[in-house]
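Undergrad: Provided herewith is a single structure, encoded as structure tokens, for subsequent inquiry.
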Amino acid sequence: MKIGTDGVLLGAWTPLANAPESILDIGAGTGIIALMLAQRSTAETIDAIEIAEAAYEQCMDNFEQSPWADRLFCYHAGLDEFVEEIEDRYELIVSNPPFYSEAMASGSTARDLARQNQSLPFGELLEGVSKLLSPEGVFTTIIPNKEEAAFKEIAATYGLLPKHITHVKGTATATIKRSMLAFTFSAEDTQEDTLVIEHARHEYTAAYTALTQEFYLKM
């Protein structure tokens, strides 16, 4: 699958202020977010889980060819079985979850599965995160803005509270398209801001360039 803007945004935006030593990427796809966090951090353990076999194989191949192969590992598993098997807690958990809740037939079964919300419902994701996240840990995700209120409501039932929210807009005059959310178990005040990606087609804003330029060959 192609690398999308959502994954790049989340990998670049996810805060590392708590200097996590252990990171988990839920639904890693080809591993882009885990790889970006390996580049940005000194975490000794960066695990990923991916249920789709083709994506898992590509993720492992990408990990093995990277400069951080000794810190990266991908499990071929679903979140439910991973939660049952793993006793460790992670200081940072990230997920770029599937969120197309409507039926979308692309002609590719693998792509359709990855896009379907039912393959990893928000409730299941947040329950898993609540069991795998350390007490002082941080969970970050990126979702459609229209899903933000419902997502925060579900998160609260598992004790996860928003610490930082960034609303993403394609251009300054466009509507908010995505919400990037950072949760902890002890958030008090929520920091909110907005990120605009482009002034015009392929004319990127200074804020987007500063956030992502370390990960693009031409930026």
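Please note that chains go A, B, ... in the order of the structure tokens, that every chain numbers its residues from 1, and that ligands are numbered from 1 in the order shown.
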Mind listing the strand (DSSP E) residues of region 50-167 of chain A, per DSSP on the backbone, as a PyMOL selection string?
TA: chain A and resi 72-75+90-95+133-144+161-167
Undergrad: Do you know which residues are at most 8 Å from Thr45 (chain A) counting only C-alpha atoms, after dropping those on the same chain fewer than 6 positions away, and could you put them as a PyMOL selection string?
TA: chain A and resi 21-23+71-72
Undergrad: Put those residues in a file: C-alpha atoms, as a CSV table (one decimal), in the first residue's frame.
TA:
chain,number,residue,atom,x,y,z
A,21,GLU,CA,11.8,3.4,26.0
A,22,SER,CA,9.0,1.2,24.6
A,23,ILE,CA,6.7,1.9,21.7
A,71,ARG,CA,15.0,-2.1,17.7
A,72,LEU,CA,12.0,-2.9,15.5
Undergrad: So, counting only C-alpha atoms, which residue among A:Thr5, A:Leu132, A:Tyr204, A:Phe122 is closest to Glu153 (chain A)?
TA: A:Phe122
Undergrad: Taking the chain letters and numbering used in this document, name the residues of chain A that DSSP puts in alpha helix (DSSP H), as a VMD selection string.
TA: chain A and resid 5 to 13 32 to 40 53 to 65 79 to 85 109 to 115 122 to 132 148 to 157 206 to 212
Undergrad: For the residues selected in the previous step, produce a file with C-alpha atoms as a PDB file, in the first residue's frame.
TA:
ATOM      1  CA  THR A   5      -0.337  11.694   4.465  1.00  0.00           C
ATOM      2  CA  ASP A   6      -2.131  10.486   7.603  1.00  0.00           C
ATOM      3  CA  GLY A   7       0.670   8.096   8.524  1.00  0.00           C
ATOM      4  CA  VAL A   8       3.377  10.665   7.860  1.00  0.00           C
ATOM      5  CA  LEU A   9       1.520  13.264   9.932  1.00  0.00           C
ATOM      6  CA  LEU A  10       1.064  10.945  12.894  1.00  0.00           C
ATOM      7  CA  GLY A  11       4.640   9.685  12.801  1.00  0.00           C
ATOM      8  CA  ALA A  12       5.999  13.230  12.748  1.00  0.00           C
ATOM      9  CA  TRP A  13       3.499  14.789  15.190  1.00  0.00           C
ATOM     10  CA  ILE A  32       6.035   3.726   8.222  1.00  0.00           C
ATOM     11  CA  ILE A  33       5.009   5.160  11.617  1.00  0.00           C
ATOM     12  CA  ALA A  34       7.188   2.758  13.597  1.00  0.00           C
ATOM     13  CA  LEU A  35      10.117   3.567  11.307  1.00  0.00           C
ATOM     14  CA  MET A  36       9.589   7.312  11.759  1.00  0.00           C
ATOM     15  CA  LEU A  37       9.497   6.905  15.545  1.00  0.00           C
ATOM     16  CA  ALA A  38      12.686   4.843  15.400  1.00  0.00           C
ATOM     17  CA  GLN A  39      14.316   7.736  13.529  1.00  0.00           C
ATOM     18  CA  ARG A  40      12.988  10.318  16.013  1.00  0.00           C
ATOM     19  CA  GLU A  53      -0.323 -11.091   5.927  1.00  0.00           C
ATOM     20  CA  ALA A  54       0.926  -9.135   2.906  1.00  0.00           C
ATOM     21  CA  ALA A  55       1.311  -5.923   4.904  1.00  0.00           C
ATOM     22  CA  TYR A  56       2.995  -7.825   7.755  1.00  0.00           C
ATOM     23  CA  GLU A  57       5.548  -9.344   5.369  1.00  0.00           C
ATOM     24  CA  GLN A  58       6.307  -5.955   3.824  1.00  0.00           C
ATOM     25  CA  CYS A  59       6.545  -4.390   7.282  1.00  0.00           C
ATOM     26  CA  MET A  60       9.090  -6.981   8.422  1.00  0.00           C
ATOM     27  CA  ASP A  61      11.081  -6.505   5.222  1.00  0.00           C
ATOM     28  CA  ASN A  62      11.100  -2.726   5.692  1.00  0.00           C
ATOM     29  CA  PHE A  63      12.179  -3.113   9.326  1.00  0.00           C
ATOM     30  CA  GLU A  64      15.006  -5.481   8.397  1.00  0.00           C
ATOM     31  CA  GLN A  65      16.340  -3.113   5.729  1.00  0.00           C
ATOM     32  CA  LEU A  79      -5.032  -6.692  18.669  1.00  0.00           C
ATOM     33  CA  ASP A  80      -7.268  -9.018  20.692  1.00  0.00           C
ATOM     34  CA  GLU A  81      -4.814 -11.933  20.652  1.00  0.00           C
ATOM     35  CA  PHE A  82      -1.850  -9.601  21.213  1.00  0.00           C
ATOM     36  CA  VAL A  83      -3.475  -8.195  24.363  1.00  0.00           C
ATOM     37  CA  GLU A  84      -3.982 -11.726  25.684  1.00  0.00           C
ATOM     38  CA  GLU A  85      -0.386 -12.794  25.036  1.00  0.00           C
ATOM     39  CA  THR A 109      -9.708  -7.282  -0.707  1.00  0.00           C
ATOM     40  CA  ALA A 110      -6.638  -6.329   1.325  1.00  0.00           C
ATOM     41  CA  ARG A 111      -7.204  -2.606   0.824  1.00  0.00           C
ATOM     42  CA  ASP A 112     -10.914  -2.928   1.611  1.00  0.00           C
ATOM     43  CA  LEU A 113     -10.135  -4.815   4.837  1.00  0.00           C
ATOM     44  CA  ALA A 114      -7.666  -2.154   5.924  1.00  0.00           C
ATOM     45  CA  ARG A 115     -10.194   0.585   5.223  1.00  0.00           C
ATOM     46  CA  PHE A 122     -12.698   2.222  17.856  1.00  0.00           C
ATOM     47  CA  GLY A 123     -14.035   0.578  21.013  1.00  0.00           C
ATOM     48  CA  GLU A 124     -11.827  -2.474  20.542  1.00  0.00           C
ATOM     49  CA  LEU A 125      -8.820  -0.264  19.780  1.00  0.00           C
ATOM     50  CA  LEU A 126      -9.292   1.884  22.885  1.00  0.00           C
ATOM     51  CA  GLU A 127      -9.925  -1.100  25.152  1.00  0.00           C
ATOM     52  CA  GLY A 128      -6.698  -2.673  23.916  1.00  0.00           C
ATOM     53  CA  VAL A 129      -4.779   0.558  24.388  1.00  0.00           C
ATOM     54  CA  SER A 130      -6.069   0.908  27.957  1.00  0.00           C
ATOM     55  CA  LYS A 131      -4.649  -2.541  28.773  1.00  0.00           C
ATOM     56  CA  LEU A 132      -1.300  -2.089  27.023  1.00  0.00           C
ATOM     57  CA  GLU A 148     -13.567  13.097  17.165  1.00  0.00           C
ATOM     58  CA  ALA A 149     -16.394  13.622  19.671  1.00  0.00           C
ATOM     59  CA  ALA A 150     -17.463   9.964  19.632  1.00  0.00           C
ATOM     60  CA  PHE A 151     -13.845   8.777  19.865  1.00  0.00           C
ATOM     61  CA  LYS A 152     -13.156  10.972  22.915  1.00  0.00           C
ATOM     62  CA  GLU A 153     -16.354   9.743  24.548  1.00  0.00           C
ATOM     63  CA  ILE A 154     -15.334   6.101  24.122  1.00  0.00           C
ATOM     64  CA  ALA A 155     -11.782   6.882  25.282  1.00  0.00           C
ATOM     65  CA  ALA A 156     -13.098   8.438  28.484  1.00  0.00           C
ATOM     66  CA  THR A 157     -14.839   5.175  29.410  1.00  0.00           C
ATOM     67  CA  ALA A 206       6.016  26.433   6.777  1.00  0.00           C
ATOM     68  CA  ALA A 207       4.373  24.531   9.639  1.00  0.00           C
ATOM     69  CA  TYR A 208       3.831  21.363   7.601  1.00  0.00           C
ATOM     70  CA  THR A 209       7.328  21.585   6.128  1.00  0.00           C
ATOM     71  CA  ALA A 210       8.914  21.981   9.559  1.00  0.00           C
ATOM     72  CA  LEU A 211       6.942  19.008  10.885  1.00  0.00           C
ATOM     73  CA  THR A 212       7.676  16.547   8.079  1.00  0.00           C
TER      74      THR A 212
END
Undergrad: Region 165-173 of chain A: which residues within 6 Å, counting only C-alpha atoms, same-chain residues fewer than 2 positions away excluded, as a list in words?
TA: Ile176, Lys177, Arg178, Ser179, Met180, Leu181, Glu192, Asp193, Thr194, Leu195, Val196, Ile197, Glu198 and His199 of chain A
